[in-house]
Every structure is written in C-alpha cells, then in structure tokens.
>>> print(open('my_file14.cif').read())   # mmCIF, C-alpha atoms
data_my_file
loop_
_atom_site.group_PDB
_atom_site.id
_atom_site.type_symbol
_atom_site.label_atom_id
_atom_site.label_comp_id
_atom_site.auth_asym_id
_atom_site.auth_seq_id
_atom_site.Cartn_x
_atom_site.Cartn_y
_atom_site.Cartn_z
ATOM 1 C CA MET A 13 75.419 17.613 -56.850
ATOM 2 C CA ARG A 14 78.055 17.978 -54.157
ATOM 3 C CA PHE A 15 78.736 20.856 -51.805
ATOM 4 C CA ASN A 16 81.682 20.688 -49.407
ATOM 5 C CA LYS A 17 82.055 17.069 -50.572
ATOM 6 C CA LEU A 18 78.480 16.251 -49.441
ATOM 7 C CA ASP A 19 76.021 14.808 -51.937
ATOM 8 C CA LEU A 20 73.089 17.204 -51.452
ATOM 9 C CA ASN A 21 70.632 14.430 -52.263
ATOM 10 C CA LEU A 22 71.585 12.957 -48.915
ATOM 11 C CA LEU A 23 69.992 15.952 -47.170
ATOM 12 C CA VAL A 24 66.583 14.753 -48.340
ATOM 13 C CA VAL A 25 67.298 11.366 -46.791
ATOM 14 C CA LEU A 26 68.612 12.935 -43.599
ATOM 15 C CA ASP A 27 65.518 15.123 -43.280
ATOM 16 C CA ALA A 28 63.238 12.093 -43.648
ATOM 17 C CA LEU A 29 65.281 10.054 -41.166
ATOM 18 C CA LEU A 30 65.262 12.839 -38.575
ATOM 19 C CA ALA A 31 61.514 13.344 -39.024
ATOM 20 C CA THR A 32 60.489 9.673 -38.869
ATOM 21 C CA ARG A 33 63.339 8.206 -36.800
ATOM 22 C CA SER A 34 62.876 5.028 -38.797
ATOM 23 C CA VAL A 35 64.700 3.723 -41.861
ATOM 24 C CA SER A 36 61.607 1.965 -43.217
ATOM 25 C CA ARG A 37 59.276 4.950 -42.740
ATOM 26 C CA ALA A 38 61.872 7.331 -44.146
ATOM 27 C CA ALA A 39 62.228 5.079 -47.197
ATOM 28 C CA GLU A 40 58.455 5.183 -47.765
ATOM 29 C CA ARG A 41 58.395 8.952 -47.325
ATOM 30 C CA ILE A 42 61.028 9.640 -50.008
ATOM 31 C CA PHE A 43 60.145 6.710 -52.260
ATOM 32 C CA LEU A 44 63.421 4.825 -51.850
ATOM 33 C CA SER A 45 63.966 1.179 -51.054
ATOM 34 C CA GLN A 46 64.914 0.340 -47.476
ATOM 35 C CA PRO A 47 68.396 -0.925 -48.481
ATOM 36 C CA ALA A 48 69.070 2.317 -50.398
ATOM 37 C CA THR A 49 67.969 4.358 -47.390
ATOM 38 C CA SER A 50 70.197 2.340 -45.075
ATOM 39 C CA LEU A 51 73.106 2.871 -47.457
ATOM 40 C CA ALA A 52 72.424 6.616 -47.471
ATOM 41 C CA LEU A 53 72.399 6.651 -43.658
ATOM 42 C CA GLY A 54 75.799 4.960 -43.700
ATOM 43 C CA ARG A 55 77.174 7.642 -46.025
ATOM 44 C CA LEU A 56 75.748 10.374 -43.799
ATOM 45 C CA ARG A 57 77.346 8.813 -40.728
ATOM 46 C CA GLU A 58 80.658 8.707 -42.534
ATOM 47 C CA TYR A 59 80.432 12.328 -43.690
ATOM 48 C CA PHE A 60 79.443 13.754 -40.290
ATOM 49 C CA ASP A 61 81.632 11.284 -38.364
ATOM 50 C CA ASP A 62 78.674 10.655 -36.076
ATOM 51 C CA GLU A 63 76.123 7.868 -35.656
ATOM 52 C CA LEU A 64 73.294 10.431 -36.093
ATOM 53 C CA LEU A 65 70.628 7.850 -35.201
ATOM 54 C CA VAL A 66 71.259 5.065 -32.711
ATOM 55 C CA PRO A 67 68.936 2.114 -32.027
ATOM 56 C CA VAL A 68 67.202 2.111 -28.646
ATOM 57 C CA GLY A 69 64.811 -0.791 -28.454
ATOM 58 C CA LYS A 70 62.764 -0.754 -31.652
ATOM 59 C CA THR A 71 63.280 2.937 -32.403
ATOM 60 C CA LEU A 72 66.124 5.156 -33.570
ATOM 61 C CA VAL A 73 67.134 7.997 -31.294
ATOM 62 C CA PRO A 74 68.982 11.052 -32.681
ATOM 63 C CA THR A 75 72.387 11.913 -31.285
ATOM 64 C CA PRO A 76 73.038 15.456 -29.992
ATOM 65 C CA LEU A 77 74.549 16.382 -33.357
ATOM 66 C CA ALA A 78 71.502 15.040 -35.196
ATOM 67 C CA GLU A 79 69.216 17.102 -32.953
ATOM 68 C CA GLN A 80 71.185 20.202 -33.931
ATOM 69 C CA LEU A 81 70.806 19.360 -37.626
ATOM 70 C CA VAL A 82 66.988 19.005 -37.649
ATOM 71 C CA LYS A 83 66.104 22.672 -38.156
ATOM 72 C CA PRO A 84 68.935 23.785 -40.484
ATOM 73 C CA VAL A 85 68.421 20.780 -42.767
ATOM 74 C CA ARG A 86 64.668 21.440 -42.952
ATOM 75 C CA ASP A 87 65.265 25.153 -43.597
ATOM 76 C CA VAL A 88 67.695 24.423 -46.434
ATOM 77 C CA LEU A 89 65.209 22.094 -48.114
ATOM 78 C CA LEU A 90 62.402 24.639 -47.751
ATOM 79 C CA GLN A 91 64.532 27.306 -49.402
ATOM 80 C CA ILE A 92 65.401 24.925 -52.248
ATOM 81 C CA GLN A 93 61.710 24.068 -52.613
ATOM 82 C CA THR A 94 60.855 27.760 -52.926
ATOM 83 C CA VAL A 95 63.500 28.225 -55.632
ATOM 84 C CA THR A 96 62.254 25.240 -57.636
ATOM 85 C CA ARG A 97 58.663 26.533 -57.504
ATOM 86 C CA ALA A 98 59.565 30.033 -58.675
ATOM 87 C CA ARG A 99 57.846 30.929 -61.952
ATOM 88 C CA PRO A 100 57.517 34.266 -63.771
ATOM 89 C CA THR A 101 53.730 33.915 -63.627
ATOM 90 C CA PHE A 102 51.213 31.874 -61.639
ATOM 91 C CA ASP A 103 47.992 30.676 -63.221
ATOM 92 C CA PRO A 104 45.456 29.535 -60.599
ATOM 93 C CA ALA A 105 43.189 28.124 -63.319
ATOM 94 C CA THR A 106 45.716 25.366 -64.067
ATOM 95 C CA ALA A 107 47.516 25.096 -60.708
ATOM 96 C CA THR A 108 47.447 21.666 -59.062
ATOM 97 C CA ARG A 109 48.994 22.600 -55.709
ATOM 98 C CA ARG A 110 47.743 21.051 -52.498
ATOM 99 C CA PHE A 111 47.645 23.417 -49.519
ATOM 100 C CA THR A 112 47.587 22.413 -45.876
ATOM 101 C CA ILE A 113 46.050 25.029 -43.578
ATOM 102 C CA GLU A 114 45.687 24.812 -39.814
ATOM 103 C CA SER A 115 43.015 26.817 -37.999
ATOM 104 C CA SER A 116 40.160 26.430 -35.537
ATOM 105 C CA ASP A 117 36.829 25.060 -36.702
ATOM 106 C CA TYR A 118 35.466 28.564 -36.034
ATOM 107 C CA VAL A 119 37.708 29.959 -38.800
ATOM 108 C CA ILE A 120 36.773 27.091 -41.104
ATOM 109 C CA THR A 121 33.084 27.872 -40.581
ATOM 110 C CA VAL A 122 33.114 31.646 -40.970
ATOM 111 C CA LEU A 123 35.934 32.068 -43.512
ATOM 112 C CA LEU A 124 37.570 28.996 -45.052
ATOM 113 C CA ALA A 125 34.308 27.446 -46.223
ATOM 114 C CA GLU A 126 33.817 30.490 -48.465
ATOM 115 C CA VAL A 127 37.488 30.482 -49.488
ATOM 116 C CA VAL A 128 37.300 26.922 -50.807
ATOM 117 C CA ARG A 129 34.034 27.756 -52.614
ATOM 118 C CA ARG A 130 35.713 30.649 -54.388
ATOM 119 C CA ALA A 131 38.794 28.552 -55.103
ATOM 120 C CA ALA A 132 36.584 25.905 -56.731
ATOM 121 C CA ARG A 133 35.708 28.516 -59.358
ATOM 122 C CA LEU A 134 39.057 30.272 -59.664
ATOM 123 C CA ALA A 135 41.425 27.315 -59.195
ATOM 124 C CA PRO A 136 39.424 24.121 -59.848
ATOM 125 C CA LEU A 137 42.469 21.812 -59.714
ATOM 126 C CA MET A 138 43.756 23.158 -56.392
ATOM 127 C CA GLN A 139 43.353 20.957 -53.291
ATOM 128 C CA PHE A 140 42.969 21.877 -49.637
ATOM 129 C CA ASP A 141 43.803 19.925 -46.491
ATOM 130 C CA LEU A 142 42.182 21.764 -43.569
ATOM 131 C CA ARG A 143 43.462 20.708 -40.159
ATOM 132 C CA ALA A 144 42.721 21.665 -36.578
ATOM 133 C CA ILE A 145 45.262 23.644 -34.584
ATOM 134 C CA SER A 146 47.115 21.379 -32.153
ATOM 135 C CA PRO A 147 50.024 21.551 -29.696
ATOM 136 C CA GLN A 148 52.226 20.506 -32.638
ATOM 137 C CA THR A 149 51.191 23.496 -34.780
ATOM 138 C CA PRO A 150 54.405 25.513 -34.154
ATOM 139 C CA GLU A 151 56.464 22.488 -35.222
ATOM 140 C CA HIS A 152 54.268 22.016 -38.294
ATOM 141 C CA LEU A 153 54.838 25.604 -39.428
ATOM 142 C CA ASP A 154 58.565 25.551 -38.614
ATOM 143 C CA SER A 155 59.071 22.358 -40.610
ATOM 144 C CA GLY A 156 56.994 23.450 -43.591
ATOM 145 C CA GLY A 157 54.430 20.751 -42.845
ATOM 146 C CA ILE A 158 51.713 23.351 -43.332
ATOM 147 C CA GLU A 159 51.651 26.270 -45.741
ATOM 148 C CA LEU A 160 49.377 28.575 -43.756
ATOM 149 C CA LEU A 161 48.237 29.061 -40.190
ATOM 150 C CA ILE A 162 45.220 31.149 -39.156
ATOM 151 C CA ALA A 163 45.180 31.778 -35.427
ATOM 152 C CA PRO A 164 44.539 34.430 -32.761
ATOM 153 C CA GLU A 165 47.514 36.477 -31.676
ATOM 154 C CA PHE A 166 48.344 34.309 -28.659
ATOM 155 C CA ALA A 167 48.723 31.242 -30.917
ATOM 156 C CA VAL A 168 50.919 32.854 -33.605
ATOM 157 C CA VAL A 169 54.293 31.130 -34.059
ATOM 158 C CA ALA A 170 57.350 33.292 -33.390
ATOM 159 C CA GLY A 171 59.887 33.803 -36.157
ATOM 160 C CA HIS A 172 57.519 33.774 -39.132
ATOM 161 C CA PRO A 173 55.657 36.614 -40.887
ATOM 162 C CA ALA A 174 52.031 37.224 -39.982
ATOM 163 C CA GLU A 175 49.306 39.748 -40.727
ATOM 164 C CA PRO A 176 45.848 40.477 -39.266
ATOM 165 C CA LEU A 177 43.139 38.816 -41.357
ATOM 166 C CA PHE A 178 39.842 39.782 -39.714
ATOM 167 C CA GLU A 179 38.415 40.830 -36.368
ATOM 168 C CA ASP A 180 35.473 39.596 -34.360
ATOM 169 C CA THR A 181 33.633 40.432 -31.154
ATOM 170 C CA PHE A 182 31.831 38.214 -28.662
ATOM 171 C CA SER A 183 28.125 37.512 -28.287
ATOM 172 C CA CYS A 184 26.087 35.067 -26.264
ATOM 173 C CA LEU A 185 24.107 32.195 -27.666
ATOM 174 C CA LEU A 186 21.132 30.688 -25.854
ATOM 175 C CA CYS A 187 18.299 28.248 -26.510
ATOM 176 C CA GLU A 188 15.065 29.927 -27.655
ATOM 177 C CA ALA A 189 12.868 27.398 -25.850
ATOM 178 C CA HIS A 190 14.281 28.376 -22.445
ATOM 179 C CA PHE A 191 14.332 32.162 -22.740
ATOM 180 C CA ALA A 192 11.528 34.608 -23.537
ATOM 181 C CA PRO A 193 11.877 36.619 -26.778
ATOM 182 C CA ASP A 194 12.368 39.840 -24.795
ATOM 183 C CA PHE A 195 14.881 38.339 -22.353
ATOM 184 C CA ASP A 196 17.638 40.842 -21.568
ATOM 185 C CA LEU A 197 20.839 39.139 -20.420
ATOM 186 C CA SER A 198 22.374 41.109 -17.549
ATOM 187 C CA SER A 199 25.840 40.611 -16.135
ATOM 188 C CA GLU A 200 24.283 39.195 -12.965
ATOM 189 C CA ALA A 201 22.239 36.672 -14.956
ATOM 190 C CA TYR A 202 25.324 35.848 -17.003
ATOM 191 C CA PHE A 203 27.357 34.798 -13.984
ATOM 192 C CA ASP A 204 24.389 33.074 -12.309
ATOM 193 C CA ALA A 205 23.829 30.919 -15.405
ATOM 194 C CA THR A 206 25.630 27.728 -16.327
ATOM 195 C CA HIS A 207 27.695 27.759 -19.512
ATOM 196 C CA VAL A 208 28.902 25.620 -22.388
ATOM 197 C CA GLY A 209 32.589 26.355 -22.899
ATOM 198 C CA VAL A 210 35.191 25.374 -25.471
ATOM 199 C CA GLU A 211 38.738 24.167 -24.959
ATOM 200 C CA TRP A 212 40.282 23.552 -28.358
ATOM 201 C CA GLY A 213 43.441 22.544 -30.131
ATOM 202 C CA GLY A 214 43.950 19.048 -28.778
ATOM 203 C CA GLY A 215 45.927 20.474 -25.868
ATOM 204 C CA ARG A 216 42.851 21.849 -24.116
ATOM 205 C CA ARG A 217 43.657 25.462 -24.908
ATOM 206 C CA ILE A 218 41.121 27.869 -23.484
ATOM 207 C CA THR A 219 39.444 30.427 -25.723
ATOM 208 C CA TYR A 220 40.235 34.134 -25.838
ATOM 209 C CA ASP A 221 37.075 35.098 -23.937
ATOM 210 C CA ALA A 222 37.955 32.601 -21.195
ATOM 211 C CA LYS A 223 41.407 34.165 -20.910
ATOM 212 C CA MET A 224 39.885 37.627 -20.511
ATOM 213 C CA LEU A 225 37.236 36.548 -18.017
ATOM 214 C CA SER A 226 39.772 34.635 -15.914
ATOM 215 C CA ARG A 227 41.314 37.993 -15.003
ATOM 216 C CA GLY A 228 38.109 39.266 -13.402
ATOM 217 C CA ARG A 229 36.766 38.867 -9.915
ATOM 218 C CA ARG A 230 33.873 36.606 -10.888
ATOM 219 C CA GLN A 231 34.210 33.309 -12.688
ATOM 220 C CA ARG A 232 31.531 31.720 -14.832
ATOM 221 C CA ARG A 233 30.426 28.171 -14.152
ATOM 222 C CA GLN A 234 31.072 25.938 -17.154
ATOM 223 C CA ASP A 235 29.079 22.743 -16.759
ATOM 224 C CA VAL A 236 29.969 21.457 -20.224
ATOM 225 C CA ILE A 237 33.300 21.736 -22.042
ATOM 226 C CA ALA A 238 33.274 21.072 -25.783
ATOM 227 C CA PRO A 239 36.430 20.058 -27.703
ATOM 228 C CA ASN A 240 35.558 22.438 -30.551
ATOM 229 C CA PHE A 241 33.149 25.213 -31.494
ATOM 230 C CA THR A 242 31.113 23.122 -33.926
ATOM 231 C CA LEU A 243 29.587 20.991 -31.160
ATOM 232 C CA VAL A 244 28.329 23.928 -29.088
ATOM 233 C CA PRO A 245 24.805 24.114 -30.638
ATOM 234 C CA GLU A 246 24.185 20.405 -30.023
ATOM 235 C CA LEU A 247 25.171 20.864 -26.370
ATOM 236 C CA LEU A 248 23.168 24.070 -25.957
ATOM 237 C CA VAL A 249 19.801 23.186 -27.527
ATOM 238 C CA GLY A 250 17.246 22.066 -24.970
ATOM 239 C CA THR A 251 19.128 23.510 -21.984
ATOM 240 C CA PRO A 252 19.077 26.810 -20.050
ATOM 241 C CA ARG A 253 22.819 27.151 -20.515
ATOM 242 C CA ILE A 254 24.625 30.005 -22.281
ATOM 243 C CA ALA A 255 27.598 29.947 -24.643
ATOM 244 C CA THR A 256 29.916 32.884 -25.308
ATOM 245 C CA LEU A 257 31.168 32.733 -28.886
ATOM 246 C CA PRO A 258 32.680 34.929 -31.594
ATOM 247 C CA THR A 259 29.791 36.965 -32.978
ATOM 248 C CA ARG A 260 30.056 35.779 -36.575
ATOM 249 C CA LEU A 261 30.029 32.151 -35.470
ATOM 250 C CA ALA A 262 27.115 32.707 -33.071
ATOM 251 C CA ARG A 263 25.055 34.246 -35.900
ATOM 252 C CA HIS A 264 25.929 31.364 -38.192
ATOM 253 C CA MET A 265 24.744 28.843 -35.592
ATOM 254 C CA ALA A 266 21.549 30.743 -34.755
ATOM 255 C CA ALA A 267 20.547 30.589 -38.425
ATOM 256 C CA ARG A 268 20.713 26.781 -38.324
ATOM 257 C CA PHE A 269 19.541 25.865 -34.825
ATOM 258 C CA PRO A 270 16.705 27.059 -32.526
ATOM 259 C CA LEU A 271 19.123 29.434 -30.817
ATOM 260 C CA ARG A 272 19.204 33.189 -30.281
ATOM 261 C CA VAL A 273 22.132 35.619 -30.302
ATOM 262 C CA VAL A 274 22.124 38.278 -27.576
ATOM 263 C CA PRO A 275 24.735 40.899 -26.682
ATOM 264 C CA CYS A 276 27.354 39.753 -24.213
ATOM 265 C CA PRO A 277 26.878 41.771 -20.998
ATOM 266 C CA ILE A 278 30.546 41.376 -20.079
ATOM 267 C CA ALA A 279 33.091 43.661 -21.714
ATOM 268 C CA ILE A 280 35.441 41.415 -23.692
ATOM 269 C CA PRO A 281 37.867 43.103 -26.124
ATOM 270 C CA ARG A 282 37.503 42.261 -29.791
ATOM 271 C CA PHE A 283 40.179 39.984 -31.166
ATOM 272 C CA ALA A 284 41.943 39.402 -34.472
ATOM 273 C CA GLU A 285 42.588 36.212 -36.385
ATOM 274 C CA ASN A 286 46.044 36.345 -37.972
ATOM 275 C CA LEU A 287 47.304 34.775 -41.179
ATOM 276 C CA GLN A 288 50.807 33.297 -40.970
ATOM 277 C CA TRP A 289 53.194 31.539 -43.365
ATOM 278 C CA HIS A 290 56.766 30.225 -43.293
ATOM 279 C CA LYS A 291 59.462 32.872 -43.666
ATOM 280 C CA TYR A 292 61.123 30.933 -46.502
ATOM 281 C CA GLN A 293 57.876 30.745 -48.473
ATOM 282 C CA GLU A 294 57.366 34.492 -48.553
ATOM 283 C CA ARG A 295 57.873 34.619 -52.343
ATOM 284 C CA ASP A 296 56.100 31.398 -53.272
ATOM 285 C CA PRO A 297 53.676 32.622 -55.997
ATOM 286 C CA ALA A 298 50.977 30.059 -55.192
ATOM 287 C CA ILE A 299 51.012 30.892 -51.490
ATOM 288 C CA SER A 300 50.986 34.614 -52.318
ATOM 289 C CA TRP A 301 47.914 34.063 -54.497
ATOM 290 C CA LEU A 302 46.142 32.113 -51.774
ATOM 291 C CA ARG A 303 46.974 34.770 -49.194
ATOM 292 C CA GLY A 304 45.358 37.304 -51.526
ATOM 293 C CA LEU A 305 42.228 35.156 -51.819
ATOM 294 C CA LEU A 306 42.060 34.861 -48.022
ATOM 295 C CA ARG A 307 42.387 38.631 -47.604
ATOM 296 C CA ALA A 308 39.708 39.318 -50.218
ATOM 297 C CA THR A 309 37.295 36.824 -48.657
ATOM 298 C CA ALA A 310 37.913 38.218 -45.175
ATOM 299 C CA ALA A 311 37.240 41.738 -46.460
ATOM 300 C CA ASP A 312 33.823 40.559 -47.684
ATOM 301 C CA LEU A 313 32.733 39.195 -44.303
ATOM 302 C CA PRO A 314 29.543 40.879 -43.011
ATOM 303 C CA ALA A 315 30.220 43.898 -40.843
ATOM 304 C CA LEU A 316 29.925 43.194 -37.140
ATOM 305 C CA ASP A 317 27.480 46.066 -36.641
ATOM 306 C CA GLU A 318 25.016 44.635 -39.172
ATOM 307 C CA VAL A 319 21.791 43.444 -37.578
ATOM 308 C CA PRO A 320 21.433 39.714 -38.323
ATOM 309 C CA ARG A 321 18.202 38.327 -39.723
ATOM 310 C CA ALA A 322 15.917 36.631 -37.209
ATOM 311 C CA SER A 323 15.958 32.861 -37.202
ATOM 312 C CA PRO A 324 13.090 31.419 -39.264
ATOM 313 C CA ARG A 325 12.322 29.103 -36.321
ATOM 314 C CA ARG A 326 11.764 31.986 -33.929
ATOM 315 C CA ARG A 327 8.144 32.537 -32.937
ATOM 316 C CA GLN A 328 6.942 35.261 -30.636
ATOM 317 C CA GLY A 329 5.923 34.010 -27.210
ATOM 318 C CA GLU A 330 7.818 30.732 -27.524
ATOM 319 C CA GLY A 331 9.622 29.464 -24.457
ATOM 320 C CA ALA A 332 9.650 30.153 -20.750
ATOM 321 C CA ARG A 333 11.021 33.251 -19.163
ATOM 322 C CA ALA A 334 14.477 32.942 -17.644
#
>>> encode(input="my_file14.cif", output="structure tokens")
Amino acid sequence: MRFNKLDLNLLVVLDALLATRSVSRAAERIFLSQPATSLALGRLREYFDDELLVPVGKTLVPTPLAEQLVKPVRDVLLQIQTVTRARPTFDPATATRRFTIESSDYVITVLLAEVVRRAARLAPLMQFDLRAISPQTPEHLDSGGIELLIAPEFAVVAGHPAEPLFEDTFSCLLCEAHFAPDFDLSSEAYFDATHVGVEWGGGRRITYDAKMLSRGRRQRRQDVIAPNFTLVPELLVGTPRIATLPTRLARHMAARFPLRVVPCPIAIPRFAENLQWHKYQERDPAISWLRGLLRATAADLPALDEVPRASPRRRQGEGARA
C-alpha cells in the first residue's frame, strides 16, 4: 500500500533501521534478508532525499532528519498495531499474547507474583516478560517496547495515561538475633544505627523513603547499598543494621527470614505505585483486560492496618538487647 507515493511497508524497515542502526540487525528484527533490507534503505533514501543513516566506523549514524523521524514513525506503527489487534471480543482463555511489564522487584514480589498466578488460571496461554525498571524505561514505553509500567509517581513517564494502583507505607526491618523481642525503635536509635539501603533501576535511583529523609536535618548512615529490594534480607540477617522498606514487602520478608518488622519512627508519607500504558494502546482489548486483572489483584492486597502474623522462627527471649 502506498500513501503520498510511499510504500508503507518501508516504514517497518525504517523503524527497525532507526532502532538498531544496523542493516544486518534490522534485517534479523523484521525477518528480511540483508540484501532486501539494504534495497529498502536505498528506496527510503530516495523518497526522503536524505541519507538517513551514514556509516561512521562500523556503525550507522542517523542524520538530523532521521532523528526527527524516530518518534513519528514508531507512533504510526503503534497505532496501526492497535487497529490490527482490535476485535469485538477478547477471550483470555485462548489469548496467546506476550506482555512485557517493567517494575521494581518490590512490585513483582508483592503484586505481580499473584497476578501471574491468577493469569495462569484465567489465561493459560498468555506469557509474561517481567523486567526491572532502568534508565531506558521512558524510551521503552515511548517506543512500545513494553506494554505496561508500574512505578512510583516520580518515575512515571510524561505523555502517557496512568492511574494509581495501590498504596504502601514504610516500616523497618531488623534481625531478630540482634534485637530483643520488646525492642522499641526510637528516632534517636534509628539515626544512631547503621542501615541497609537500596538504589535501584540500573541508574542508581534512590528510593522514595531516601528522597523524603534527604530533606531532613539528620541523615541516616547507610553502610550497605543493595541494587534491589530482594537482596536486603540476605544483607540484613546476622547484623545489627536496619532496613527501611515498604510495609508489605517488609512483612513478606519477615515471614521467610529471621527478621522482625517494627514501626518506622520517622514520619515518611505513604506512596502510590502507578500503572501506566502507551497512549496509543488505550483501546487494546488485551491490555485493557490485563489492566483489569492488575486492579483486581491490587484491591485484594492485605490492608496496611492488618496486624501481620508473627514469624514462626520468632522465640521469646531470643537475641541480645540493642
């Protein structure tokens, strides 16, 4: 099909070339031979009267015009993709879609693990690719490389729809062996202690609680920095250190490790995790269904004011007094 004398099939080739900046990798991406991809690049250069990609060493570098075409070409293809996926009904029981979702490992632990369990029953042929948030996340959402993003408000990508998914508060996690069962964590003890912190997302982003505490007069001493939340228990057990974590995650970890959850003595506002999707995929029936499953699962999360069960490892009188 042609539009304004341009073969629209060439837009698929152009998108792949602009994304990979390589004829061979673009050919692999769109399942064409390398000669066919080179021929398509020649036709694109002729149509736009521009080199589009010029060789610099062993790589291809986009011209200024090509840089300007990256986003509109990707947006056009996303809109076409949405049209081709439109169906009067969507049946999750037979759907074979593969969804890529980016979030923190905290969200995977407290929410997405249950989502994929439910999906295994409701949509057994559906596949999930769960990825960690990174500095490239905004680009991934803009380009349609991911279907959904779950992130706190400060990491939401501008220009795309989003909605609050669930809220959480902060609690402290400490090793049972180093603190008496009746230990009461005061603000003074909190700042005198050493801490295990988290800087996540590949770009060493600090957590929400760290952002809030950085505005105060006193700073906590973080002797250990973990690259994700999942490693915190391993770094905390056997030490007198403290970790400040989202309450739901802290409770989850305390049920599996010899750790105890105590109230955080520092006032840190609760925060919301937001669900976000590409603006051109607003009406995609499969994504709409998955968003509904995410909302339903989030609504079933235990209330934050529920008293968690004591760890089965906890024994009265165990450990030294802090």
>>> closest_atom_pairs(input="my_file14.cif", of="stretch 203-244 of chain A", to="stretch 252-276 of chain A", cutoff="7 Å", atoms="all atoms listed in the file", output="tab-separated table")
residue	atom	partner	partner_atom	distance
A:Ala205	CA	A:Arg253	CA	6.4
A:Thr206	CA	A:Arg253	CA	5.1
A:His207	CA	A:Ile254	CA	4.7
A:Val208	CA	A:Ala255	CA	5.1
A:Gly209	CA	A:Ala255	CA	6.4
>>> residues_near_point(input="my_file14.cif", point="(42.5, 39.0, -42.8)", cutoff="9 Å", atoms="all atoms listed in the file", output="PyMOL selection string")
chain A and resi 175-179+284-287+303+306-311
>>> closest_residue(input="my_file14.cif", among="A:Leu23, A:Leu316, A:Ala132, A:Ile237", to="A:Ile218", atoms="all atoms listed in the file")
A:Ile237
>>> residues_around(input="my_file14.cif", residues="stretch 70-76 of chain A", least_positions_apart="3", cutoff="9 Å", atoms="only C-alpha atoms", output="list in words")
Leu30, Thr32, Arg33, Ser34, Val35, Asp62, Glu63, Leu64, Leu65, Val66, Pro67, Glu79, Gln80 and Leu81 of chain A
>>> write_last_selection(input="my_file14.cif", atoms="C-alpha atoms", output="PDB file, keeping the file's coordinate frame")
ATOM      1  CA  LEU A  30      65.262  12.839 -38.575  1.00  0.00           C
ATOM      2  CA  THR A  32      60.489   9.673 -38.869  1.00  0.00           C
ATOM      3  CA  ARG A  33      63.339   8.206 -36.800  1.00  0.00           C
ATOM      4  CA  SER A  34      62.876   5.028 -38.797  1.00  0.00           C
ATOM      5  CA  VAL A  35      64.700   3.723 -41.861  1.00  0.00           C
ATOM      6  CA  ASP A  62      78.674  10.655 -36.076  1.00  0.00           C
ATOM      7  CA  GLU A  63      76.123   7.868 -35.656  1.00  0.00           C
ATOM      8  CA  LEU A  64      73.294  10.431 -36.093  1.00  0.00           C
ATOM      9  CA  LEU A  65      70.628   7.850 -35.201  1.00  0.00           C
ATOM     10  CA  VAL A  66      71.259   5.065 -32.711  1.00  0.00           C
ATOM     11  CA  PRO A  67      68.936   2.114 -32.027  1.00  0.00           C
ATOM     12  CA  GLU A  79      69.216  17.102 -32.953  1.00  0.00           C
ATOM     13  CA  GLN A  80      71.185  20.202 -33.931  1.00  0.00           C
ATOM     14  CA  LEU A  81      70.806  19.360 -37.626  1.00  0.00           C
TER      15      LEU A  81
END
>>> closest_residue(input="my_file14.cif", among="A:Asp317, A:Thr219, A:Pro239, A:Phe191", to="A:Ala144", atoms="only C-alpha atoms")
A:Pro239
>>> atom_distance(input="my_file14.cif", atom1="atom CA of A:Asp154", atom2="atom CA of A:His290")
6.9 Å
>>> residues_near_point(input="my_file14.cif", point="(48.5, 33.5, -25.3)", cutoff="10 Å", atoms="all atoms listed in the file", output="MDAnalysis selection string")
chainID A and resid 164:168 217:220 223
>>> residues_around(input="my_file14.cif", residues="stretch 277-279 of chain A", least_positions_apart="5", cutoff="9 Å", atoms="all atoms listed in the file", output="ChimeraX atom specification")
/A:182-184,197-200,202,225
>>> residues_around(input="my_file14.cif", residues="A:Leu53", least_positions_apart="3", cutoff="9 Å", atoms="all atoms listed in the file", output="CSV table (one decimal) with C-alpha atoms, keeping the file's coordinate frame")
chain,number,residue,atom,x,y,z
A,22,LEU,CA,71.6,13.0,-48.9
A,25,VAL,CA,67.3,11.4,-46.8
A,26,LEU,CA,68.6,12.9,-43.6
A,29,LEU,CA,65.3,10.1,-41.2
A,35,VAL,CA,64.7,3.7,-41.9
A,48,ALA,CA,69.1,2.3,-50.4
A,49,THR,CA,68.0,4.4,-47.4
A,50,SER,CA,70.2,2.3,-45.1
A,56,LEU,CA,75.7,10.4,-43.8
A,57,ARG,CA,77.3,8.8,-40.7
A,58,GLU,CA,80.7,8.7,-42.5
A,63,GLU,CA,76.1,7.9,-35.7
A,64,LEU,CA,73.3,10.4,-36.1
A,65,LEU,CA,70.6,7.8,-35.2
>>> closest_residue(input="my_file14.cif", among="A:Leu90, A:Gly54, A:Leu134, A:Gly69", to="A:Trp301", atoms="all atoms listed in the file")
A:Leu134
>>> atom_distance(input="my_file14.cif", atom1="atom CA of A:Arg130", atom2="atom CA of A:Pro173")
24.8 Å
>>> atom_distance(input="my_file14.cif", atom1="atom CA of A:Leu243", atom2="atom CA of A:Glu211")
11.5 Å
>>> residues_around(input="my_file14.cif", residues="stretch 113-115 of chain A", least_positions_apart="6", cutoff="9 Å", atoms="only C-alpha atoms", output="NGL selection string")
:A and (140-146 or 149 or 158-163 or 213)
>>> closest_residue(input="my_file14.cif", among="A:Asp180, A:Pro147, A:Phe283, A:Trp212", to="A:Leu123", atoms="all atoms listed in the file")
A:Asp180
>>> closest_residue(input="my_file14.cif", among="A:Ser226, A:Ser155, A:Asp296, A:Val169", to="A:Pro84", atoms="only C-alpha atoms")
A:Ser155
>>> residues_around(input="my_file14.cif", residues="A:Arg109", least_positions_apart="3", cutoff="12 Å", atoms="only C-alpha atoms", output="list in words")
Arg97, Phe102, Asp103, Pro104, Ala105, Thr106, Thr112, Ala131, Ala135, Pro136, Leu137, Met138, Gln139, Phe140, Asp141, Glu159, Asp296, Pro297, Ala298, Ile299, Trp301 and Leu302 of chain A
